[in-house]
$ cat protein.cif   # mmCIF, C-alpha atoms
data_query
loop_
_atom_site.label_atom_id
_atom_site.label_comp_id
_atom_site.auth_asym_id
_atom_site.auth_seq_id
_atom_site.Cartn_x
_atom_site.Cartn_y
_atom_site.Cartn_z
CA MET A 221 -18.56 16.70 -7.50
CA PHE A 222 -20.07 13.25 -6.85
CA SER A 223 -16.59 11.73 -6.92
CA ARG A 224 -15.57 13.90 -3.97
CA ASN A 225 -18.79 13.42 -2.01
CA LYS A 226 -20.46 9.99 -1.93
CA GLY A 227 -23.11 11.33 0.44
CA LEU A 228 -24.14 13.86 -2.19
CA ALA A 229 -24.49 11.07 -4.76
CA ALA A 230 -26.64 9.08 -2.34
CA ILE A 231 -28.88 12.08 -1.62
CA PHE A 232 -29.21 12.72 -5.36
CA LEU A 233 -30.50 9.16 -5.80
CA VAL A 234 -32.80 9.43 -2.76
CA VAL A 235 -34.56 12.49 -4.18
CA PHE A 236 -34.58 11.06 -7.72
CA ILE A 237 -36.19 7.78 -6.63
CA ASP A 238 -38.67 9.62 -4.39
CA MET A 239 -39.78 11.84 -7.28
CA LEU A 240 -39.80 8.93 -9.72
CA GLY A 241 -42.22 7.12 -7.42
CA PHE A 242 -44.32 10.27 -7.00
CA GLY A 243 -44.40 10.85 -10.75
CA ILE A 244 -45.35 7.25 -11.54
CA ILE A 245 -48.76 7.58 -9.89
CA ILE A 246 -49.69 10.98 -11.39
CA PRO A 247 -51.29 9.68 -14.62
CA VAL A 248 -53.34 7.07 -12.75
CA LEU A 249 -54.50 8.74 -9.53
CA PRO A 250 -57.49 10.72 -10.91
CA TYR A 251 -58.90 7.65 -12.67
CA TYR A 252 -58.31 5.52 -9.57
CA ALA A 253 -60.15 8.03 -7.39
CA GLU A 254 -63.05 8.15 -9.84
CA ALA A 255 -63.34 4.36 -9.54
CA PHE A 256 -64.21 4.96 -5.85
CA GLY A 257 -66.87 7.50 -6.81
CA ALA A 258 -64.85 10.71 -6.53
CA ASP A 259 -66.18 13.68 -8.51
CA PRO A 260 -63.83 16.35 -9.97
CA THR A 261 -63.98 18.40 -6.78
CA LEU A 262 -62.89 15.43 -4.67
CA VAL A 263 -60.15 14.59 -7.17
CA GLY A 264 -58.85 18.14 -6.79
CA LEU A 265 -58.96 17.85 -3.01
CA LEU A 266 -57.15 14.51 -3.20
CA ILE A 267 -54.33 16.05 -5.20
CA ALA A 268 -54.20 19.03 -2.83
CA SER A 269 -54.12 16.75 0.23
CA TYR A 270 -50.56 15.68 -0.61
CA SER A 271 -49.30 19.26 -0.64
CA ALA A 272 -51.28 20.11 2.50
CA ALA A 273 -49.70 17.19 4.38
CA GLN A 274 -46.25 18.13 3.07
CA LEU A 275 -46.81 21.70 4.25
CA VAL A 276 -47.34 20.45 7.80
CA GLY A 277 -44.77 17.66 7.76
CA ALA A 278 -41.72 19.32 6.21
CA PRO A 279 -40.82 21.72 9.07
CA PHE A 280 -41.15 18.96 11.65
CA LEU A 281 -39.09 16.46 9.67
CA GLY A 282 -36.47 19.16 9.24
CA ARG A 283 -36.52 19.99 12.94
CA PHE A 284 -36.29 16.32 13.94
CA SER A 285 -33.32 15.91 11.63
CA ASP A 286 -31.59 18.86 13.32
CA ARG A 287 -32.05 17.07 16.64
CA TYR A 288 -31.61 13.39 15.83
CA GLY A 289 -29.70 13.30 12.56
CA ARG A 290 -30.40 13.40 8.83
CA LYS A 291 -30.07 9.68 8.05
CA PRO A 292 -32.62 8.28 10.55
CA VAL A 293 -35.22 10.87 9.57
CA ILE A 294 -34.69 10.16 5.85
CA MET A 295 -35.11 6.42 6.53
CA PHE A 296 -38.26 7.07 8.56
CA SER A 297 -39.73 9.18 5.75
CA ILE A 298 -38.99 6.47 3.18
CA VAL A 299 -40.83 3.90 5.32
CA LEU A 300 -43.78 6.30 5.51
CA GLY A 301 -43.72 6.71 1.73
CA PHE A 302 -43.68 2.93 1.27
CA LEU A 303 -46.71 2.55 3.54
CA GLY A 304 -48.53 5.31 1.68
CA TYR A 305 -48.15 3.52 -1.66
CA ILE A 306 -49.13 0.15 -0.17
CA PHE A 307 -52.26 1.65 1.41
CA LEU A 308 -53.08 3.25 -1.95
CA GLY A 309 -52.83 -0.09 -3.77
CA LEU A 310 -54.89 -1.93 -1.14
CA ALA A 311 -57.53 0.81 -0.74
CA THR A 312 -61.11 -0.37 -0.50
CA SER A 313 -62.71 3.06 -0.08
CA LEU A 314 -62.05 6.69 -0.93
CA TRP A 315 -61.07 7.68 2.60
CA ILE A 316 -58.19 5.16 2.50
CA VAL A 317 -57.06 6.74 -0.77
CA PHE A 318 -57.04 10.13 0.98
CA LEU A 319 -55.18 8.67 3.97
CA SER A 320 -52.54 7.19 1.71
CA ARG A 321 -51.88 10.55 0.04
CA ILE A 322 -51.67 12.32 3.39
CA ILE A 323 -49.09 9.78 4.60
CA ALA A 324 -47.16 10.20 1.36
CA GLY A 325 -47.32 13.98 1.70
CA ILE A 326 -45.81 13.88 5.18
CA ALA A 327 -43.07 11.61 3.82
CA GLY A 328 -42.52 14.06 0.95
CA GLY A 329 -41.36 16.61 3.50
CA ASN A 330 -38.02 14.79 3.44
CA LEU A 331 -36.93 17.16 0.67
CA SER A 332 -36.13 19.60 3.48
CA VAL A 333 -33.89 16.98 5.11
CA ALA A 334 -32.14 16.27 1.81
CA GLN A 335 -31.42 19.99 1.41
CA ALA A 336 -30.15 20.16 4.99
CA TYR A 337 -27.83 17.24 4.23
CA ILE A 338 -26.43 19.19 1.27
CA ALA A 339 -25.83 22.17 3.54
CA ASP A 340 -24.02 19.91 6.03
CA THR A 341 -21.71 18.33 3.47
CA THR A 342 -20.81 21.23 1.15
CA ASP A 343 -18.85 24.41 1.76
CA THR A 344 -20.32 27.82 0.93
CA ARG A 345 -18.61 27.83 -2.48
CA ASP A 346 -20.23 24.55 -3.60
CA ARG A 347 -23.53 24.99 -1.73
CA ALA A 348 -25.60 26.31 -4.65
CA ARG A 349 -24.20 23.63 -6.96
CA GLY A 350 -25.17 20.94 -4.47
CA MET A 351 -28.68 22.39 -4.13
CA GLY A 352 -28.88 22.51 -7.91
CA LEU A 353 -28.10 18.82 -8.20
CA ILE A 354 -30.94 18.10 -5.78
CA GLY A 355 -33.24 20.18 -7.94
CA ALA A 356 -32.02 18.34 -11.05
CA SER A 357 -32.72 14.94 -9.48
CA PHE A 358 -36.17 16.21 -8.48
CA GLY A 359 -36.85 17.33 -12.03
CA LEU A 360 -35.56 14.16 -13.70
CA GLY A 361 -37.73 11.98 -11.49
CA PHE A 362 -40.75 14.12 -12.25
CA ILE A 363 -40.11 14.00 -16.02
CA LEU A 364 -39.56 10.23 -16.20
CA GLY A 365 -42.14 9.15 -13.59
CA PRO A 366 -45.37 9.95 -15.48
CA ALA A 367 -44.09 8.19 -18.62
CA ILE A 368 -43.34 5.05 -16.59
CA GLY A 369 -46.64 5.27 -14.73
CA GLY A 370 -48.63 5.63 -17.93
CA THR A 371 -46.90 2.58 -19.38
CA LEU A 372 -47.49 0.46 -16.27
CA SER A 373 -51.16 1.47 -16.05
CA VAL A 374 -52.04 -0.88 -18.90
CA TYR A 375 -51.50 -3.71 -16.38
CA GLY A 376 -54.05 -2.22 -13.97
CA PHE A 377 -54.44 0.94 -11.91
CA THR A 378 -52.67 -0.51 -8.86
CA THR A 379 -49.55 -1.66 -10.74
CA PRO A 380 -47.91 1.81 -10.69
CA PHE A 381 -48.60 2.07 -6.94
CA TYR A 382 -46.82 -1.17 -6.16
CA ALA A 383 -43.97 -0.18 -8.49
CA ALA A 384 -43.61 3.06 -6.52
CA ALA A 385 -43.61 1.07 -3.26
CA ALA A 386 -40.86 -1.19 -4.64
CA LEU A 387 -38.80 1.89 -5.49
CA GLU A 388 -39.15 3.07 -1.88
CA LEU A 389 -37.77 -0.28 -0.67
CA VAL A 390 -34.80 0.14 -3.01
CA ASN A 391 -34.38 3.65 -1.64
CA LEU A 392 -34.43 2.41 1.95
CA LEU A 393 -31.81 -0.25 1.30
CA MET A 394 -29.62 2.23 -0.54
CA VAL A 395 -29.79 4.79 2.27
CA ALA A 396 -29.04 2.15 4.90
CA ALA A 397 -25.98 0.98 2.98
CA TRP A 398 -24.56 4.16 1.48
CA LEU A 399 -25.67 7.27 3.33
CA ARG A 400 -23.46 8.40 6.17
CA GLU A 401 -24.52 10.86 8.82
CA PRO A 402 -22.69 14.17 8.35
CA SER A 403 -19.91 14.58 10.88
CA GLY A 404 -19.17 17.55 13.06
CA ILE A 405 -22.73 18.76 13.55
CA GLU A 406 -23.55 20.12 16.97
CA ARG A 407 -26.93 18.83 18.04
CA ARG A 408 -29.15 20.94 20.23
CA ALA A 409 -29.73 19.80 23.75
CA PRO A 410 -33.04 17.96 24.14
CA THR A 411 -34.48 20.73 26.29
CA SER A 412 -33.18 23.68 24.30
CA ARG A 413 -36.18 24.09 22.01
CA PRO A 414 -39.43 22.14 21.71
CA LEU A 415 -39.65 19.66 18.85
CA LEU A 416 -43.35 20.38 18.36
CA GLY A 417 -45.17 23.69 18.30
CA ILE A 418 -44.78 26.83 16.21
CA SER A 419 -42.62 28.99 18.49
CA PRO A 420 -39.34 27.80 16.87
CA LEU A 421 -40.79 28.71 13.48
CA LYS A 422 -41.66 32.20 14.71
CA ASP A 423 -38.12 32.64 16.03
CA LEU A 424 -36.62 31.77 12.65
CA LEU A 425 -38.98 34.04 10.75
CA LYS A 426 -37.87 37.00 12.87
CA HIS A 427 -34.39 36.67 11.36
CA PRO A 428 -34.27 39.55 8.83
CA MET A 429 -32.59 37.64 5.98
CA VAL A 430 -34.62 34.46 6.54
CA GLY A 431 -37.84 36.45 6.41
CA ARG A 432 -36.74 38.30 3.28
CA LEU A 433 -35.73 35.13 1.42
CA LEU A 434 -38.91 33.27 2.38
CA GLN A 435 -41.05 36.22 1.33
CA ILE A 436 -39.37 36.25 -2.08
CA ARG A 437 -39.81 32.48 -2.37
CA LEU A 438 -43.52 32.75 -1.48
CA LEU A 439 -44.34 35.44 -4.05
CA TYR A 440 -42.20 33.91 -6.81
CA LEU A 441 -43.70 30.44 -6.32
CA LEU A 442 -47.25 31.80 -6.27
CA ALA A 443 -46.55 33.27 -9.71
CA PHE A 444 -44.88 30.12 -11.01
CA THR A 445 -47.55 27.72 -9.75
CA MET A 446 -50.21 29.85 -11.46
CA PHE A 447 -48.20 29.40 -14.66
CA GLU A 448 -47.84 25.63 -14.11
CA ALA A 449 -51.49 25.06 -13.26
CA MET A 450 -52.93 27.15 -16.11
CA PHE A 451 -50.43 26.30 -18.84
CA ILE A 452 -52.37 23.33 -20.25
CA LEU A 453 -55.63 25.32 -20.44
CA TYR A 454 -53.72 28.29 -21.88
CA ALA A 455 -52.16 26.11 -24.60
CA GLU A 456 -55.56 24.65 -25.46
CA HIS A 457 -57.55 27.89 -25.49
CA ARG A 458 -54.98 30.19 -27.09
CA PHE A 459 -53.14 27.87 -29.49
CA GLY A 460 -55.50 24.90 -29.86
CA LEU A 461 -52.82 22.41 -28.78
CA ASP A 462 -53.81 18.89 -27.79
CA ALA A 463 -52.53 16.99 -24.76
CA GLN A 464 -49.67 15.38 -26.65
CA LEU A 465 -48.24 18.61 -28.05
CA THR A 466 -48.66 20.36 -24.70
CA SER A 467 -46.78 17.54 -22.96
CA TYR A 468 -43.83 18.16 -25.31
CA LEU A 469 -43.75 21.78 -24.19
CA LEU A 470 -43.78 20.70 -20.54
CA VAL A 471 -40.88 18.31 -21.17
CA TYR A 472 -39.03 21.17 -22.92
CA ILE A 473 -39.48 23.34 -19.81
CA GLY A 474 -38.45 20.51 -17.50
CA LEU A 475 -35.29 19.72 -19.43
CA ILE A 476 -34.16 23.36 -19.32
CA VAL A 477 -34.75 23.48 -15.55
CA VAL A 478 -32.76 20.28 -15.07
CA PHE A 479 -29.90 21.60 -17.23
CA VAL A 480 -29.74 24.85 -15.28
CA GLN A 481 -29.81 23.13 -11.90
CA GLY A 482 -27.54 20.24 -12.79
CA VAL A 483 -24.96 21.94 -15.01
CA LEU A 484 -25.23 25.71 -15.34
CA ILE A 485 -25.76 26.79 -11.73
CA GLY A 486 -22.20 25.95 -10.67
CA LYS A 487 -20.78 28.21 -13.37
CA LEU A 488 -23.18 31.02 -12.51
CA THR A 489 -22.48 30.97 -8.77
CA SER A 490 -18.73 31.04 -9.42
CA ARG A 491 -19.14 34.37 -11.24
CA PHE A 492 -22.06 36.06 -9.50
CA SER A 493 -23.31 36.40 -5.92
CA GLU A 494 -26.49 34.63 -4.86
CA TRP A 495 -28.34 37.93 -4.47
CA GLN A 496 -27.27 39.03 -7.95
CA LEU A 497 -28.69 35.78 -9.32
CA ILE A 498 -31.91 36.23 -7.36
CA VAL A 499 -32.37 39.73 -8.82
CA ALA A 500 -31.56 38.45 -12.32
CA GLY A 501 -33.93 35.50 -11.92
CA LEU A 502 -36.80 37.68 -10.73
CA THR A 503 -36.24 40.10 -13.62
CA MET A 504 -36.21 37.26 -16.17
CA ILE A 505 -39.34 35.59 -14.85
CA THR A 506 -41.23 38.90 -14.69
CA LEU A 507 -40.50 39.57 -18.35
CA ALA A 508 -41.18 35.95 -19.31
CA LEU A 509 -44.56 35.94 -17.55
CA LEU A 510 -45.54 39.11 -19.41
CA GLY A 511 -44.41 37.54 -22.69
CA TRP A 512 -46.39 34.39 -21.89
CA ALA A 513 -49.48 36.50 -21.23
CA LEU A 514 -49.24 38.58 -24.38
CA THR A 515 -47.89 36.35 -27.17
CA ASN A 516 -50.07 34.79 -29.84
CA ASN A 517 -47.20 33.21 -31.74
CA LEU A 518 -46.05 29.67 -31.00
CA LEU A 519 -42.40 30.34 -31.90
CA ILE A 520 -42.33 33.37 -29.61
CA LEU A 521 -43.91 31.21 -26.90
CA LEU A 522 -41.04 28.74 -27.21
CA ALA A 523 -38.59 31.63 -26.87
CA VAL A 524 -40.44 32.97 -23.81
CA LEU A 525 -40.54 29.59 -22.08
CA ALA A 526 -36.73 29.29 -22.11
CA PRO A 527 -36.03 32.23 -19.72
CA MET A 528 -39.09 31.17 -17.70
CA ALA A 529 -37.54 27.75 -17.12
CA MET A 530 -34.04 29.18 -16.58
CA SER A 531 -35.27 31.59 -13.92
CA ALA A 532 -37.14 28.77 -12.15
CA GLY A 533 -33.96 26.67 -12.04
CA ILE A 534 -31.91 29.60 -10.74
CA LEU A 535 -34.36 30.85 -8.11
CA ASN A 536 -35.24 27.45 -6.64
CA THR A 537 -31.56 26.61 -6.22
CA VAL A 538 -30.08 29.91 -5.12
CA ILE A 539 -32.79 30.79 -2.58
CA SER A 540 -32.30 27.41 -0.88
CA SER A 541 -28.53 27.89 -0.88
CA ALA A 542 -28.81 31.40 0.57
CA LEU A 543 -31.22 30.24 3.29
CA SER A 544 -28.81 27.53 4.42
CA LYS A 545 -26.05 30.11 4.92
CA VAL A 546 -27.90 32.62 7.12
CA VAL A 547 -28.84 30.25 9.96
CA GLY A 548 -26.86 28.06 12.31
CA ARG A 549 -26.07 24.48 11.34
CA ASP A 550 -28.50 23.19 13.94
CA GLU A 551 -31.34 25.16 12.30
CA VAL A 552 -30.76 24.29 8.64
CA GLY A 553 -33.22 21.39 8.60
CA GLU A 554 -35.92 23.52 10.14
CA VAL A 555 -35.51 26.46 7.76
CA MET A 556 -35.43 24.08 4.78
CA GLY A 557 -38.65 22.60 6.14
CA ILE A 558 -40.29 26.02 6.22
CA SER A 559 -39.10 26.65 2.67
CA THR A 560 -40.56 23.31 1.53
CA SER A 561 -43.84 24.13 3.28
CA ILE A 562 -44.04 27.42 1.41
CA GLY A 563 -43.69 25.44 -1.81
CA SER A 564 -46.55 23.16 -0.71
CA LEU A 565 -48.73 26.14 0.23
CA THR A 566 -48.23 27.79 -3.14
CA ARG A 567 -49.18 24.56 -4.92
CA ILE A 568 -52.54 24.82 -3.15
CA VAL A 569 -53.15 28.57 -3.40
CA GLY A 570 -51.48 29.36 -6.75
CA PRO A 571 -53.64 27.08 -8.92
CA THR A 572 -56.77 28.34 -7.17
CA ILE A 573 -55.93 31.98 -7.87
CA GLY A 574 -54.80 31.11 -11.39
CA GLY A 575 -58.05 29.33 -12.17
CA VAL A 576 -60.17 32.25 -10.96
CA VAL A 577 -58.31 34.93 -12.93
CA PHE A 578 -58.12 32.67 -16.01
CA GLN A 579 -61.88 32.14 -15.99
CA GLN A 580 -62.83 35.71 -15.12
CA LEU A 581 -60.24 37.76 -16.99
CA GLY A 582 -58.95 35.60 -19.84
CA THR A 583 -56.03 33.41 -20.87
CA GLY A 584 -53.37 36.07 -20.32
CA ALA A 585 -54.52 37.07 -16.84
CA PRO A 586 -52.48 34.47 -14.86
CA GLY A 587 -49.30 35.67 -16.60
CA ILE A 588 -50.00 39.31 -15.84
CA ALA A 589 -50.93 38.52 -12.23
CA GLY A 590 -47.76 36.47 -11.84
CA ALA A 591 -45.63 39.24 -13.33
CA VAL A 592 -47.08 41.70 -10.80
CA LEU A 593 -46.13 39.34 -7.95
CA THR A 594 -42.56 38.78 -9.13
CA ALA A 595 -42.06 42.47 -9.92
CA ALA A 596 -43.17 43.25 -6.37
CA THR A 597 -40.32 41.12 -5.03
CA LEU A 598 -37.63 42.93 -7.02
CA PRO A 599 -37.29 45.94 -4.64
CA LEU A 600 -36.91 43.51 -1.72
CA ALA A 601 -34.17 41.59 -3.52
CA ILE A 602 -32.34 44.69 -4.75
CA HIS A 603 -32.38 46.22 -1.27
CA ALA A 604 -31.01 43.00 0.24
CA MET A 605 -28.32 42.74 -2.47
CA ASN A 606 -27.18 46.35 -1.89
CA ARG A 607 -27.23 45.88 1.88
CA LYS A 608 -25.06 42.77 1.62
CA SER A 609 -22.64 44.54 -0.73
CA ARG A 610 -22.24 47.43 1.72
CA ARG A 611 -21.51 45.00 4.55
CA GLU A 612 -18.86 43.23 2.51
CA GLU A 613 -17.16 46.53 1.64
CA LYS A 614 -16.76 47.49 5.31
#

$ encode --input "protein.cif" --output "structure tokens"
Amino acid sequence: MFSRNKGLAAIFLVVFIDMLGFGIIIPVLPYYAEAFGADPTLVGLLIASYSAAQLVGAPFLGRFSDRYGRKPVIMFSIVLGFLGYIFLGLATSLWIVFLSRIIAGIAGGNLSVAQAYIADTTDTRDRARGMGLIGASFGLGFILGPAIGGTLSVYGFTTPFYAAAALELVNLLMVAAWLREPSGIERRAPTSRPLLGISPLKDLLKHPMVGRLLQIRLLYLLAFTMFEAMFILYAEHRFGLDAQLTSYLLVYIGLIVVFVQGVLIGKLTSRFSEWQLIVAGLTMITLALLGWALTNNLLILLAVLAPMAMSAGILNTVISSALSKVVGRDEVGEVMGISTSIGSLTRIVGPTIGGVVFQQLGTGAPGIAGAVLTAATLPLAIHAMNRKSRREEK
């Protein structure tokens, strides 16, 4: 696929390098914040500030890219990311650390622009495969980044930050040289819709299929982020695993997600419709969450985590692909931005809910709560799948 589409290869590298830089600072950031006097609550807020800024920034970056083009907005976001890492390395107080993460979070909204670029440069047959490759690059960067960051941290806390900034410069040069603006896209007139404000978002959400897909994405991601946030505590309290053994399980999950998104999704979408895959993914993750909640056997846990990871790879990819097909080409960036914002919101709300139910109800409670959420989305998905099938038969 890359051989036929150099733009796709460039976007793959853009997202990979972005996530590599993001992952590099993860092992160091809490310790760095503590050096400025941050307590655990402030460390949690610092981590959440990135997602909060991404929640706000993603729809607007997507909307700007619909108006002014994908390439200039991607380049602008990379410059913002570079500044965020530089400010982080040069910070002299905690508020500058917070500012740096907010800047980086806004820049991180460029995932919506990358997805819009995929929608611009692939046909409907290859759309899900293209979205899957973006997800795979995201996952690979996130798997490799923390390992690199942990290694670099022995040379000082700021070394990973400057390494991430250097990666952003490489990214910027690569985009300037390789990435071409998609051709044949009709831009909206400057006065057609406001660039700022929430009225365009409300208009998109009134679209029946957009609303349905985003609702499914919201509930599914709430369940999955509860799983992500509580998994380390779950592994410790239920199985007595240490950090090293738990990290192996997380890598196992990540590798399955990357395989599904990078390799398997193209084969699946050639045989099944997107709505069939959404229904299958929701069914798998519901059963997997229940299994995660109930098992006391490590081998069974390994078996349960495989469909959990597979469903995550399928749902993340196919929902994005389906969203890009139900709106006009001049709205793809905006709807991808809303989708990215939902992901950011769930990374704030999901861990909070997961922590409360874990503490109050026990180690299996986040899995059961997540299964309830994903099961609740199944009737929505089945109804949409049947409705689409009836339309196609007419």

$ residues_around --input "protein.cif" --residues "Ser332 of chain A" --least-positions-apart "6" --cutoff "9 Å" --atoms "all atoms listed in the file" --output "list in words"
Ala278, Pro279, Leu281, Gly282, Val552, Gly553, Glu554, Val555, Met556, Gly557, Ile558, Ser559, Thr560 and Ser561 of chain A

$ closest_residue --input "protein.cif" --among "A:Val333, A:Ala397, A:Ile298, A:Leu600" --to "Phe284 of chain A" --atoms "only C-alpha atoms"
A:Val333

$ closest_residue --input "protein.cif" --among "A:Gly570, A:Gly309, A:Gly482, A:Pro247" --to "Gly365 of chain A" --atoms "only C-alpha atoms"
A:Pro247

$ resolve_selection --input "protein.cif" --expression "the PyMOL selection byres ((chain A and resi 358) around 6)" --output "ChimeraX atom specification"
/A:235-236,239,355-357,359-361

$ closest_residue --input "protein.cif" --among "A:Phe444, A:Ala455, A:Leu543, A:Met528" --to "Ile573 of chain A" --atoms "only C-alpha atoms"
A:Phe444

$ residues_around --input "protein.cif" --residues "Ala443 of chain A" --least-positions-apart "5" --cutoff "8 Å" --atoms "all atoms listed in the file" --output "list in words"
Gly570, Pro586, Gly587, Ala589, Gly590, Ala591, Leu593 and Thr594 of chain A

$ residues_around --input "protein.cif" --residues "segment 372-387 of chain A" --least-positions-apart "5" --cutoff "6 Å" --atoms "all atoms listed in the file" --output "PyMOL selection string"
chain A and resi 241+245+302+305+309

$ residues_around --input "protein.cif" --residues "Met394 of chain A" --least-positions-apart "6" --cutoff "9 Å" --atoms "all atoms listed in the file" --output "list in words"
Ala230, Leu233 and Val234 of chain A

$ resolve_selection --input "protein.cif" --expression "the PyMOL selection byres ((chain A and resi 297) around 12)" --output "ChimeraX atom specification"
/A:234-235,238,274,277-278,280-282,284-285,290-296,298-304,323-334,388-389,391-392,395

$ write_last_selection --input "protein.cif" --atoms "C-alpha atoms" --output "PDB file, keeping the file's coordinate frame"
ATOM      1  CA  VAL A 234     -32.800   9.430  -2.760  1.00  0.00           C
ATOM      2  CA  VAL A 235     -34.560  12.490  -4.180  1.00  0.00           C
ATOM      3  CA  ASP A 238     -38.670   9.620  -4.390  1.00  0.00           C
ATOM      4  CA  GLN A 274     -46.250  18.130   3.070  1.00  0.00           C
ATOM      5  CA  GLY A 277     -44.770  17.660   7.760  1.00  0.00           C
ATOM      6  CA  ALA A 278     -41.720  19.320   6.210  1.00  0.00           C
ATOM      7  CA  PHE A 280     -41.150  18.960  11.650  1.00  0.00           C
ATOM      8  CA  LEU A 281     -39.090  16.460   9.670  1.00  0.00           C
ATOM      9  CA  GLY A 282     -36.470  19.160   9.240  1.00  0.00           C
ATOM     10  CA  PHE A 284     -36.290  16.320  13.940  1.00  0.00           C
ATOM     11  CA  SER A 285     -33.320  15.910  11.630  1.00  0.00           C
ATOM     12  CA  ARG A 290     -30.400  13.400   8.830  1.00  0.00           C
ATOM     13  CA  LYS A 291     -30.070   9.680   8.050  1.00  0.00           C
ATOM     14  CA  PRO A 292     -32.620   8.280  10.550  1.00  0.00           C
ATOM     15  CA  VAL A 293     -35.220  10.870   9.570  1.00  0.00           C
ATOM     16  CA  ILE A 294     -34.690  10.160   5.850  1.00  0.00           C
ATOM     17  CA  MET A 295     -35.110   6.420   6.530  1.00  0.00           C
ATOM     18  CA  PHE A 296     -38.260   7.070   8.560  1.00  0.00           C
ATOM     19  CA  ILE A 298     -38.990   6.470   3.180  1.00  0.00           C
ATOM     20  CA  VAL A 299     -40.830   3.900   5.320  1.00  0.00           C
ATOM     21  CA  LEU A 300     -43.780   6.300   5.510  1.00  0.00           C
ATOM     22  CA  GLY A 301     -43.720   6.710   1.730  1.00  0.00           C
ATOM     23  CA  PHE A 302     -43.680   2.930   1.270  1.00  0.00           C
ATOM     24  CA  LEU A 303     -46.710   2.550   3.540  1.00  0.00           C
ATOM     25  CA  GLY A 304     -48.530   5.310   1.680  1.00  0.00           C
ATOM     26  CA  ILE A 323     -49.090   9.780   4.600  1.00  0.00           C
ATOM     27  CA  ALA A 324     -47.160  10.200   1.360  1.00  0.00           C
ATOM     28  CA  GLY A 325     -47.320  13.980   1.700  1.00  0.00           C
ATOM     29  CA  ILE A 326     -45.810  13.880   5.180  1.00  0.00           C
ATOM     30  CA  ALA A 327     -43.070  11.610   3.820  1.00  0.00           C
ATOM     31  CA  GLY A 328     -42.520  14.060   0.950  1.00  0.00           C
ATOM     32  CA  GLY A 329     -41.360  16.610   3.500  1.00  0.00           C
ATOM     33  CA  ASN A 330     -38.020  14.790   3.440  1.00  0.00           C
ATOM     34  CA  LEU A 331     -36.930  17.160   0.670  1.00  0.00           C
ATOM     35  CA  SER A 332     -36.130  19.600   3.480  1.00  0.00           C
ATOM     36  CA  VAL A 333     -33.890  16.980   5.110  1.00  0.00           C
ATOM     37  CA  ALA A 334     -32.140  16.270   1.810  1.00  0.00           C
ATOM     38  CA  GLU A 388     -39.150   3.070  -1.880  1.00  0.00           C
ATOM     39  CA  LEU A 389     -37.770  -0.280  -0.670  1.00  0.00           C
ATOM     40  CA  ASN A 391     -34.380   3.650  -1.640  1.00  0.00           C
ATOM     41  CA  LEU A 392     -34.430   2.410   1.950  1.00  0.00           C
ATOM     42  CA  VAL A 395     -29.790   4.790   2.270  1.00  0.00           C
TER      43      VAL A 395
END

$ residues_around --input "protein.cif" --residues "Leu484 of chain A" --least-positions-apart "6" --cutoff "12 Å" --atoms "all atoms listed in the file" --output "ChimeraX atom specification"
/A:348-350,352-353,356,476-478,490-491,530-531,533-534,537
